[in-house]
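K.L.:
What follows is the file run-v8.tsv, containing TSV, C-alpha atoms and all ligand atoms:
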chain	number	residue	atom	x	y	z
W	1256	MET	CA	227.77	155.37	399.47
W	1257	SER	CA	228.40	155.86	395.76
W	1258	ASP	CA	228.58	152.73	393.56
W	1259	LEU	CA	231.09	154.34	391.21
W	1260	PRO	CA	233.71	151.65	390.48
W	1261	VAL	CA	237.20	152.18	391.89
W	1262	VAL	CA	240.18	150.13	390.73
W	1263	SER	CA	243.63	150.24	392.24
W	1264	THR	CA	245.81	148.22	389.87
W	1265	VAL	CA	247.13	148.89	386.38
W	1266	GLU	CA	245.73	145.54	385.28
W	1267	ASP	CA	242.18	146.34	386.44
W	1268	ALA	CA	242.25	149.86	384.99
W	1269	ARG	CA	243.40	148.48	381.63
W	1270	ALA	CA	240.75	145.74	381.66
W	1271	ARG	CA	237.92	148.25	382.27
W	1272	ILE	CA	239.19	150.64	379.64
W	1273	ALA	CA	239.72	147.78	377.14
W	1274	GLY	CA	236.03	146.89	377.67
W	1275	TRP	CA	235.03	150.45	376.71
W	1276	ARG	CA	237.33	150.34	373.68
W	1277	ALA	CA	235.85	147.02	372.56
W	1278	ALA	CA	232.42	148.70	372.64
W	1279	GLY	CA	233.79	151.54	370.49
W	1280	ARG	CA	233.82	154.21	373.23
W	1281	SER	CA	236.25	157.13	373.33
W	1282	VAL	CA	238.06	157.80	376.62
W	1283	ALA	CA	239.04	160.97	378.48
W	1284	MET	CA	241.16	161.10	381.61
W	1285	VAL	CA	241.41	163.66	384.42
W	1286	PRO	CA	244.51	163.07	386.57
W	1287	THR	CA	244.09	164.39	390.14
W	1288	MET	CA	245.55	164.04	393.61
W	1289	GLY	CA	242.06	163.91	395.14
W	1290	ALA	CA	240.65	166.44	397.64
W	1291	LEU	CA	238.27	167.18	394.80
W	1292	HIS	CA	236.60	170.60	394.52
W	1293	ALA	CA	234.59	172.54	391.95
W	1294	GLY	CA	237.77	173.13	389.89
W	1295	HIS	CA	238.20	169.37	389.39
W	1296	LEU	CA	234.50	168.98	388.62
W	1297	SER	CA	234.82	171.52	385.83
W	1298	LEU	CA	237.78	169.55	384.36
W	1299	ILE	CA	235.60	166.45	384.53
W	1300	ALA	CA	232.74	168.26	382.76
W	1301	GLU	CA	235.23	169.28	380.04
W	1302	ALA	CA	236.42	165.65	379.76
W	1303	ALA	CA	232.80	164.47	379.41
W	1304	ARG	CA	232.28	166.92	376.53
W	1305	ARG	CA	235.31	165.40	374.78
W	1306	ALA	CA	234.76	161.66	375.15
W	1307	GLU	CA	232.13	159.04	375.95
W	1308	ARG	CA	233.85	157.58	379.01
W	1309	VAL	CA	235.73	159.50	381.71
W	1310	VAL	CA	238.31	158.01	384.06
W	1311	VAL	CA	239.55	160.08	387.01
W	1312	SER	CA	242.80	159.11	388.68
W	1313	ILE	CA	243.31	159.90	392.35
W	1314	PHE	CA	246.90	159.51	393.45
W	1315	VAL	CA	248.89	161.68	395.84
W	1316	ASN	CA	252.19	161.37	394.03
W	1317	PRO	CA	255.10	161.23	396.50
W	1318	THR	CA	257.78	162.00	393.91
W	1319	GLN	CA	256.49	165.55	393.35
W	1320	PHE	CA	256.80	166.51	397.02
W	1321	ALA	CA	260.11	167.57	398.61
W	1322	PRO	CA	260.85	166.18	402.09
W	1323	HIS	CA	259.81	169.47	403.77
W	1324	GLU	CA	256.51	169.71	401.85
W	1325	ASP	CA	253.03	168.52	402.83
W	1326	LEU	CA	252.99	164.91	401.51
W	1327	ASP	CA	252.01	163.47	404.91
W	1328	THR	CA	249.28	166.01	405.62
W	1329	TYR	CA	247.95	166.39	402.06
W	1330	PRO	CA	244.17	165.81	402.35
W	1331	ARG	CA	243.23	162.22	401.44
W	1332	ASP	CA	239.64	160.96	401.63
W	1333	LEU	CA	238.73	158.52	398.87
W	1334	ASP	CA	235.16	157.95	400.13
W	1335	SER	CA	234.44	161.66	400.19
W	1336	ASP	CA	235.99	162.12	396.71
W	1337	ARG	CA	233.95	159.22	395.39
W	1338	GLY	CA	230.82	160.86	396.84
W	1339	LYS	CA	231.64	164.11	395.03
W	1340	LEU	CA	231.86	162.16	391.75
W	1341	ALA	CA	228.55	160.36	392.25
W	1342	ASP	CA	226.50	162.90	390.28
W	1343	THR	CA	229.04	163.31	387.47
W	1344	SER	CA	229.49	161.30	384.30
W	1345	VAL	CA	232.72	159.70	385.58
W	1346	ALA	CA	232.72	155.97	384.75
W	1347	LEU	CA	235.78	154.87	386.70
W	1348	VAL	CA	238.11	156.02	389.47
W	1349	TYR	CA	241.68	154.77	389.22
W	1350	ALA	CA	243.27	155.07	392.67
W	1351	PRO	CA	246.55	153.15	392.63
W	1352	THR	CA	248.70	152.60	395.70
W	1353	VAL	CA	252.24	153.97	395.87
W	1354	ALA	CA	253.58	150.40	395.49
W	1355	GLU	CA	251.48	149.90	392.34
W	1356	MET	CA	252.68	153.15	390.80
W	1357	TYR	CA	256.31	152.79	391.89
W	1358	PRO	CA	257.00	149.05	392.11
W	1359	ASP	CA	259.97	147.97	394.19
W	1360	GLY	CA	263.17	148.95	392.40
W	1361	ALA	CA	261.48	151.51	390.11
W	1362	ALA	CA	264.39	153.35	388.51
W	1363	THR	CA	262.91	155.35	385.63
W	1364	THR	CA	262.28	159.09	385.81
W	1365	VAL	CA	261.04	161.44	383.09
W	1366	THR	CA	262.58	164.90	383.13
W	1367	VAL	CA	261.44	167.81	380.99
W	1368	GLY	CA	263.51	170.94	380.20
W	1369	GLY	CA	262.15	173.99	378.38
W	1370	PRO	CA	258.89	175.01	380.07
W	1371	ALA	CA	259.89	173.23	383.29
W	1372	GLU	CA	262.77	175.68	383.83
W	1373	GLY	CA	262.42	178.58	386.29
W	1374	LEU	CA	259.20	179.67	388.06
W	1375	GLU	CA	258.04	176.66	390.17
W	1376	SER	CA	261.34	174.83	389.63
W	1377	VAL	CA	263.29	177.46	391.58
W	1378	ALA	CA	261.54	176.73	394.90
W	1379	ARG	CA	260.64	173.13	393.97
W	1380	PRO	CA	263.51	171.71	391.86
W	1381	HIS	CA	262.20	168.14	392.21
W	1382	PHE	CA	258.62	168.98	391.27
W	1383	PHE	CA	258.32	168.65	387.51
W	1384	ALA	CA	260.34	165.43	387.27
W	1385	GLY	CA	257.82	163.96	389.74
W	1386	VAL	CA	254.86	165.33	387.80
W	1387	ALA	CA	256.22	164.31	384.37
W	1388	THR	CA	257.04	160.81	385.58
W	1389	VAL	CA	253.64	160.14	387.12
W	1390	VAL	CA	251.72	161.78	384.26
W	1391	ALA	CA	253.66	159.70	381.70
W	1392	LYS	CA	252.82	156.56	383.70
W	1393	LEU	CA	249.13	157.44	384.04
W	1394	LEU	CA	248.79	158.22	380.33
W	1395	ILE	CA	250.56	154.99	379.36
W	1396	GLN	CA	248.54	152.93	381.84
W	1397	CYS	CA	245.10	154.28	380.86
W	1398	ALA	CA	245.84	155.27	377.23
W	1399	PRO	CA	243.05	157.89	376.99
W	1400	ASP	CA	242.26	159.75	373.76
W	1401	VAL	CA	242.13	163.04	375.68
W	1402	ALA	CA	243.49	164.17	379.05
W	1403	VAL	CA	242.37	167.38	380.78
W	1404	PHE	CA	244.68	169.52	382.95
W	1405	GLY	CA	243.78	172.77	384.70
W	1406	GLU	CA	245.17	176.15	383.62
W	1407	LYS	CA	245.45	176.96	387.33
W	1408	ASP	CA	248.74	174.97	387.19
W	1409	TYR	CA	249.80	176.73	384.01
W	1410	GLN	CA	253.46	175.69	384.04
W	1411	GLN	CA	252.46	172.09	384.73
W	1412	LEU	CA	250.10	172.23	381.73
W	1413	ALA	CA	252.96	173.49	379.52
W	1414	VAL	CA	255.27	170.74	380.86
W	1415	VAL	CA	252.66	168.05	380.17
W	1416	ARG	CA	252.11	169.37	376.64
W	1417	ARG	CA	255.86	169.25	375.98
W	1418	LEU	CA	256.17	165.76	377.49
W	1419	VAL	CA	253.36	164.44	375.28
W	1420	ARG	CA	254.82	166.08	372.18
W	1421	ASP	CA	258.40	164.96	372.81
W	1422	LEU	CA	257.48	161.34	373.63
W	1423	ALA	CA	254.81	161.26	370.88
W	1424	LEU	CA	252.24	159.95	373.35
W	1425	PRO	CA	248.98	159.42	371.42
W	1426	VAL	CA	246.77	161.66	373.55
W	1427	GLU	CA	245.32	165.14	373.11
W	1428	ILE	CA	245.97	167.48	376.04
W	1429	VAL	CA	243.10	169.84	376.76
W	1430	ALA	CA	243.31	172.88	379.08
W	1431	GLY	CA	240.50	173.45	381.59
W	1432	SER	CA	239.87	177.05	382.72
W	1433	THR	CA	240.60	178.03	386.32
W	1434	VAL	CA	237.54	178.01	388.55
W	1435	ARG	CA	237.46	180.87	391.05
W	1436	GLU	CA	235.62	181.64	394.25
W	1437	ALA	CA	233.22	184.61	394.00
W	1438	ASP	CA	236.01	186.92	395.25
W	1439	GLY	CA	238.48	185.72	392.60
W	1440	LEU	CA	240.61	183.28	394.62
W	1441	ALA	CA	241.55	180.33	392.40
W	1442	MET	CA	240.16	177.07	393.77
W	1443	SER	CA	242.87	174.80	395.14
W	1444	SER	CA	242.99	171.81	397.45
W	1445	ARG	CA	245.45	173.80	399.57
W	1446	ASN	CA	243.01	176.69	400.24
W	1447	VAL	CA	241.74	174.69	403.25
W	1448	TYR	CA	245.05	175.49	404.99
W	1449	LEU	CA	244.29	179.26	405.00
W	1450	SER	CA	243.22	180.78	408.33
W	1451	ALA	CA	240.10	182.99	408.28
W	1452	GLU	CA	242.27	186.12	408.16
W	1453	GLU	CA	244.49	184.71	405.39
W	1454	ARG	CA	241.42	183.67	403.42
W	1455	ARG	CA	240.16	187.27	403.65
W	1456	ARG	CA	243.47	188.59	402.24
W	1457	ALA	CA	244.02	185.89	399.61
W	1458	PRO	CA	241.89	187.37	396.75
W	1459	ALA	CA	244.40	190.27	396.50
W	1460	LEU	CA	246.63	187.91	394.52
W	1461	HIS	CA	244.25	187.49	391.62
W	1462	ALA	CA	243.04	191.11	391.75
W	1463	ALA	CA	246.63	192.35	391.34
W	1464	LEU	CA	247.27	189.98	388.42
W	1465	ALA	CA	244.03	190.94	386.67
W	1466	ASP	CA	244.87	194.65	386.93
W	1467	ALA	CA	248.45	194.08	385.72
W	1468	SER	CA	247.08	192.21	382.72
W	1469	SER	CA	244.66	195.03	381.85
W	1470	ALA	CA	247.44	197.59	382.30
W	1471	MET	CA	249.77	195.68	379.93
W	1472	ALA	CA	246.97	195.18	377.41
W	1473	GLY	CA	246.46	198.95	377.57
W	1474	GLY	CA	250.13	199.52	376.72
W	1475	ARG	CA	251.74	199.97	380.17
W	1476	GLU	CA	255.40	198.93	380.47
W	1477	VAL	CA	255.72	195.35	381.69
W	1478	GLU	CA	258.09	196.21	384.57
W	1479	GLU	CA	255.86	199.04	385.80
W	1480	ALA	CA	252.73	196.90	385.74
W	1481	LEU	CA	254.55	194.06	387.54
W	1482	SER	CA	255.97	196.48	390.16
W	1483	ASP	CA	252.46	197.77	390.97
W	1484	ALA	CA	251.19	194.21	391.28
W	1485	ARG	CA	254.18	193.27	393.49
W	1486	ARG	CA	253.45	196.18	395.85
W	1487	ARG	CA	249.77	195.28	396.17
W	1488	ILE	CA	250.45	191.59	396.76
W	1489	GLU	CA	253.05	192.37	399.43
W	1490	ALA	CA	250.73	194.93	401.06
W	1491	ALA	CA	248.17	192.11	401.47
W	1492	GLY	CA	250.76	190.18	403.51
W	1493	PHE	CA	252.20	187.80	400.88
W	1494	ALA	CA	255.89	186.98	400.41
W	1495	ILE	CA	256.40	186.58	396.65
W	1496	ASP	CA	258.39	183.67	395.22
W	1497	TYR	CA	258.00	184.87	391.65
W	1498	LEU	CA	255.86	187.23	389.61
W	1499	GLU	CA	256.71	187.20	385.92
W	1500	LEU	CA	255.40	187.75	382.41
W	1501	ARG	CA	256.10	184.76	380.18
W	1502	ASP	CA	255.25	183.76	376.63
W	1503	ALA	CA	251.92	181.92	376.89
W	1504	GLN	CA	253.06	179.06	374.64
W	1505	THR	CA	256.75	178.51	375.33
W	1506	LEU	CA	256.93	180.10	378.80
W	1507	ALA	CA	260.07	181.97	377.68
W	1508	PRO	CA	260.54	185.19	379.75
W	1509	LEU	CA	259.05	188.33	378.15
W	1510	ARG	CA	260.39	191.78	378.97
W	1511	GLU	CA	257.96	193.48	376.63
W	1512	HIS	CA	254.42	192.73	375.75
W	1513	GLY	CA	253.72	192.57	372.01
W	1514	PRO	CA	252.18	190.48	369.26
W	1515	ARG	CA	252.36	187.15	371.16
W	1516	SER	CA	249.99	186.21	373.99
W	1517	GLY	CA	251.55	186.46	377.41
W	1518	ARG	CA	250.85	184.92	380.77
W	1519	ILE	CA	251.54	186.50	384.13
W	1520	LEU	CA	252.43	183.79	386.64
W	1521	VAL	CA	252.77	184.18	390.39
W	1522	ALA	CA	253.64	182.08	393.43
W	1523	ALA	CA	253.40	183.71	396.83
W	1524	ARG	CA	253.24	182.62	400.45
W	1525	LEU	CA	250.58	183.79	402.87
W	1526	GLY	CA	251.76	182.54	406.25
W	1527	ALA	CA	252.57	178.87	405.72
W	1528	VAL	CA	250.38	178.51	402.61
W	1529	ARG	CA	251.90	178.82	399.16
W	1530	LEU	CA	249.43	179.91	396.48
W	1531	ILE	CA	249.94	180.01	392.73
W	1532	ASP	CA	247.87	181.76	390.10
W	1533	ASN	CA	248.15	183.09	386.56
W	1534	VAL	CA	246.27	185.24	384.06
W	1535	ASP	CA	246.25	185.71	380.33
W	1536	VAL	CA	247.64	188.87	378.71
W	1537	PRO	CA	246.07	189.05	375.25
W	1538	ALA	CA	248.43	189.75	372.34
W	1539	LEU	CA	248.64	193.40	371.30
W	1540	THR	CA	247.29	193.95	367.82
W	1541	LYS	CA	248.55	196.81	365.65
W	1542	THR	CA	245.89	199.41	364.88
E	1601	LIG	O1	247.82	168.76	389.35
E	1601	LIG	C1	247.83	167.71	390.04
E	1601	LIG	O2	246.90	167.41	390.76
E	1601	LIG	C2	249.03	166.79	389.96
E	1601	LIG	O3	250.21	167.51	389.80
E	1601	LIG	C3	248.89	165.69	388.87
E	1601	LIG	C4	248.82	166.29	387.48
E	1601	LIG	C5	247.65	164.86	389.14
E	1601	LIG	C6	250.12	164.78	388.91
E	1601	LIG	O4	250.27	164.18	390.15
Turn this file's structure into structure tokens for me.
Ligand code: PAF
P.N.:
Amino acid sequence: MSDLPVVSTVEDARARIAGWRAAGRSVAMVPTMGALHAGHLSLIAEAARRAERVVVSIFVNPTQFAPHEDLDTYPRDLDSDRGKLADTSVALVYAPTVAEMYPDGAATTVTVGGPAEGLESVARPHFFAGVATVVAKLLIQCAPDVAVFGEKDYQQLAVVRRLVRDLALPVEIVAGSTVREADGLAMSSRNVYLSAEERRRAPALHAALADASSAMAGGREVEEALSDARRRIEAAGFAIDYLELRDAQTLAPLREHGPRSGRILVAARLGAVRLIDNVDVPALTKT
């Protein structure tokens, strides 16, 4: 059993972090919902490069799940997660209870417009208010210098950046690159829900995005490149929720690819499992 300290109250988390501050240490935070995998470990490694102490939060946040989603079955195993952190430089796990995070009568919600509009919000209208509220709470509770969020959840990253900017929260948001399986599938805690056959088909999602990105970078029309990708993803058995090119910074829809960096974002269902992914489309430079 790992001896990594775990605290479950705001008071205890603040006391530990205040101790680090008193000793002059900088602090980085990696917010997670647990079910840790290599993708989380790479965010933690990034956090450790940025600060002297790393706190990881593990909290399956009920307010970002709709009633029909997988809140009850979402994988939870604190001991196993703690074991996975044993050989990392994490100094503290903050694993609050739902009652600690949302005390009786909690009536404050943070909502973000702009980058939260469209894409994930169409199928999951509740989602970003839940994320923004819990992320605001975690950042206020732990007051890190730096917080690391994965590019795998690209829209979430953009929403968190906007939240931090608009509320002037004194924290730097750092993006961690997506970690992929050898066949290209983005690592996700939900990949465990894929059947063997679905797992075999799943890499088609990233392959189609990567080819669409290269095609756009080579000057192909956006709609043509997206149509090809759509056909390939559907041929692999997915039902697509969205597949779009957006501005990489603002997430505004892009009909043409030009001098600004783009991002192709997708959400698609394979059987009962909903996967998301995204890839960069480098800005076109005039020659
Ligand atoms: O990406 C996640 O795991 C969650 O959405 C987050 C940021 C920890 C908020 O609950």
K.L.:
Contacts of Ala1490 (chain W) at 10 Å or less, counting all atoms listed in the file, minus same-chain residues fewer than 6 places along, as a ChimeraX atom specification?
P.N.:
/W:1456,1459,1484
K.L.:
Can you tell me, as a list in words, what residues are no more than 10 Å from Val1315 (chain W) when counting only C-alpha atoms, ignoring any on the same chain fewer than 6 positions away?
P.N.:
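Returned residues: Thr1287, Met1288, Gly1289, Ala1290, Leu1326, Asp1327, Tyr1329, Pro1330, Arg1331, Ala1350, Pro1351, Thr1352 and Val1353 of chain W.
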K.L.:
For CA of Thr1366 (chain W) and atom C6 of ligand LIG 1601 (chain E), quote the distance in Å rounded to one decimal.
P.N.:
13.7 Å
K.L.:
Write as a PyMOL selection string the residues around ligand LIG 1601 (chain E), taking 9 Å as the cut-off and counting only C-alpha atoms and all ligand atoms.
P.N.:
chain W and resi 1285-1289+1312-1319+1382-1383+1385-1390+1393+1404-1405+1407-1408+1411-1412+1415+1444
K.L.:
Can you list, as a PyMOL selection string, every protein, DNA or RNA residue that comes within 10 Å of Glu1453 (chain W) when you count all atoms listed in the file, leaving out same-chain residues fewer than 3 positions away?
P.N.:
chain W and resi 1446+1448-1450+1456-1458+1491-1493+1525-1528
K.L.:
Between CA of Asp1438 (chain W) and CA of Leu1509 (chain W), what is the spacing in Å?
P.N.:
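Answer for the CA of Leu1509 (chain W) to CA of Asp1438 (chain W) separation: 28.7 Å.
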K.L.:
Find the residues around Val1429 (chain W) up to 8 Å (all atoms listed in the file counted), leave out those fewer than 5 positions away in its own chain, and share them as an NGL selection string.
P.N.:
:W and (1401-1404)
K.L.:
For region 1340-1344 of chain W, please output as a PyMOL selection string all residues within 12 Å (counting all atoms listed in the file; exclusion window: fewer than 5 positions along the same chain).
P.N.:
chain W and resi 1256-1261+1283-1284+1289-1293+1295-1313+1333-1335
K.L.:
I need the residue nearest Ala1398 (chain W) from this list: W:Arg1486, W:Ser1469, W:Asp1325, W:Ser1281. Use only C-alpha atoms for the distance.
P.N.:
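Nearest to Ala1398 (chain W): W:Ser1281.
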K.L.:
Looking at all atoms listed in the file, which of W:Leu1418, W:Lys1339, W:Gly1294, W:Asp1400 is the one that sits closest to Glu1436 (chain W)?
P.N.:
W:Gly1294
K.L.:
Pick from W:Pro1508, W:Pro1537, W:Gly1369, W:Pro1380: nearest to Pro1322 (chain W), with all atoms listed in the file counted?
P.N.:
W:Pro1380
K.L.:
Expressed in Å to a single decimal, how great is the separation between CA of Ser1468 (chain W) and CA of His1512 (chain W)?
P.N.:
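Atom-to-atom, CA of Ser1468 (chain W) to CA of His1512 (chain W), that is 10.1 Å.
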K.L.:
Name the residues, using the chain letters and numbers of the file, that sit within 7 Å of (257.8, 186.3, 383.3) when counting only C-alpha atoms, and give them as a ChimeraX atom specification.
P.N.:
/W:1498-1501,1508-1509,1519-1520
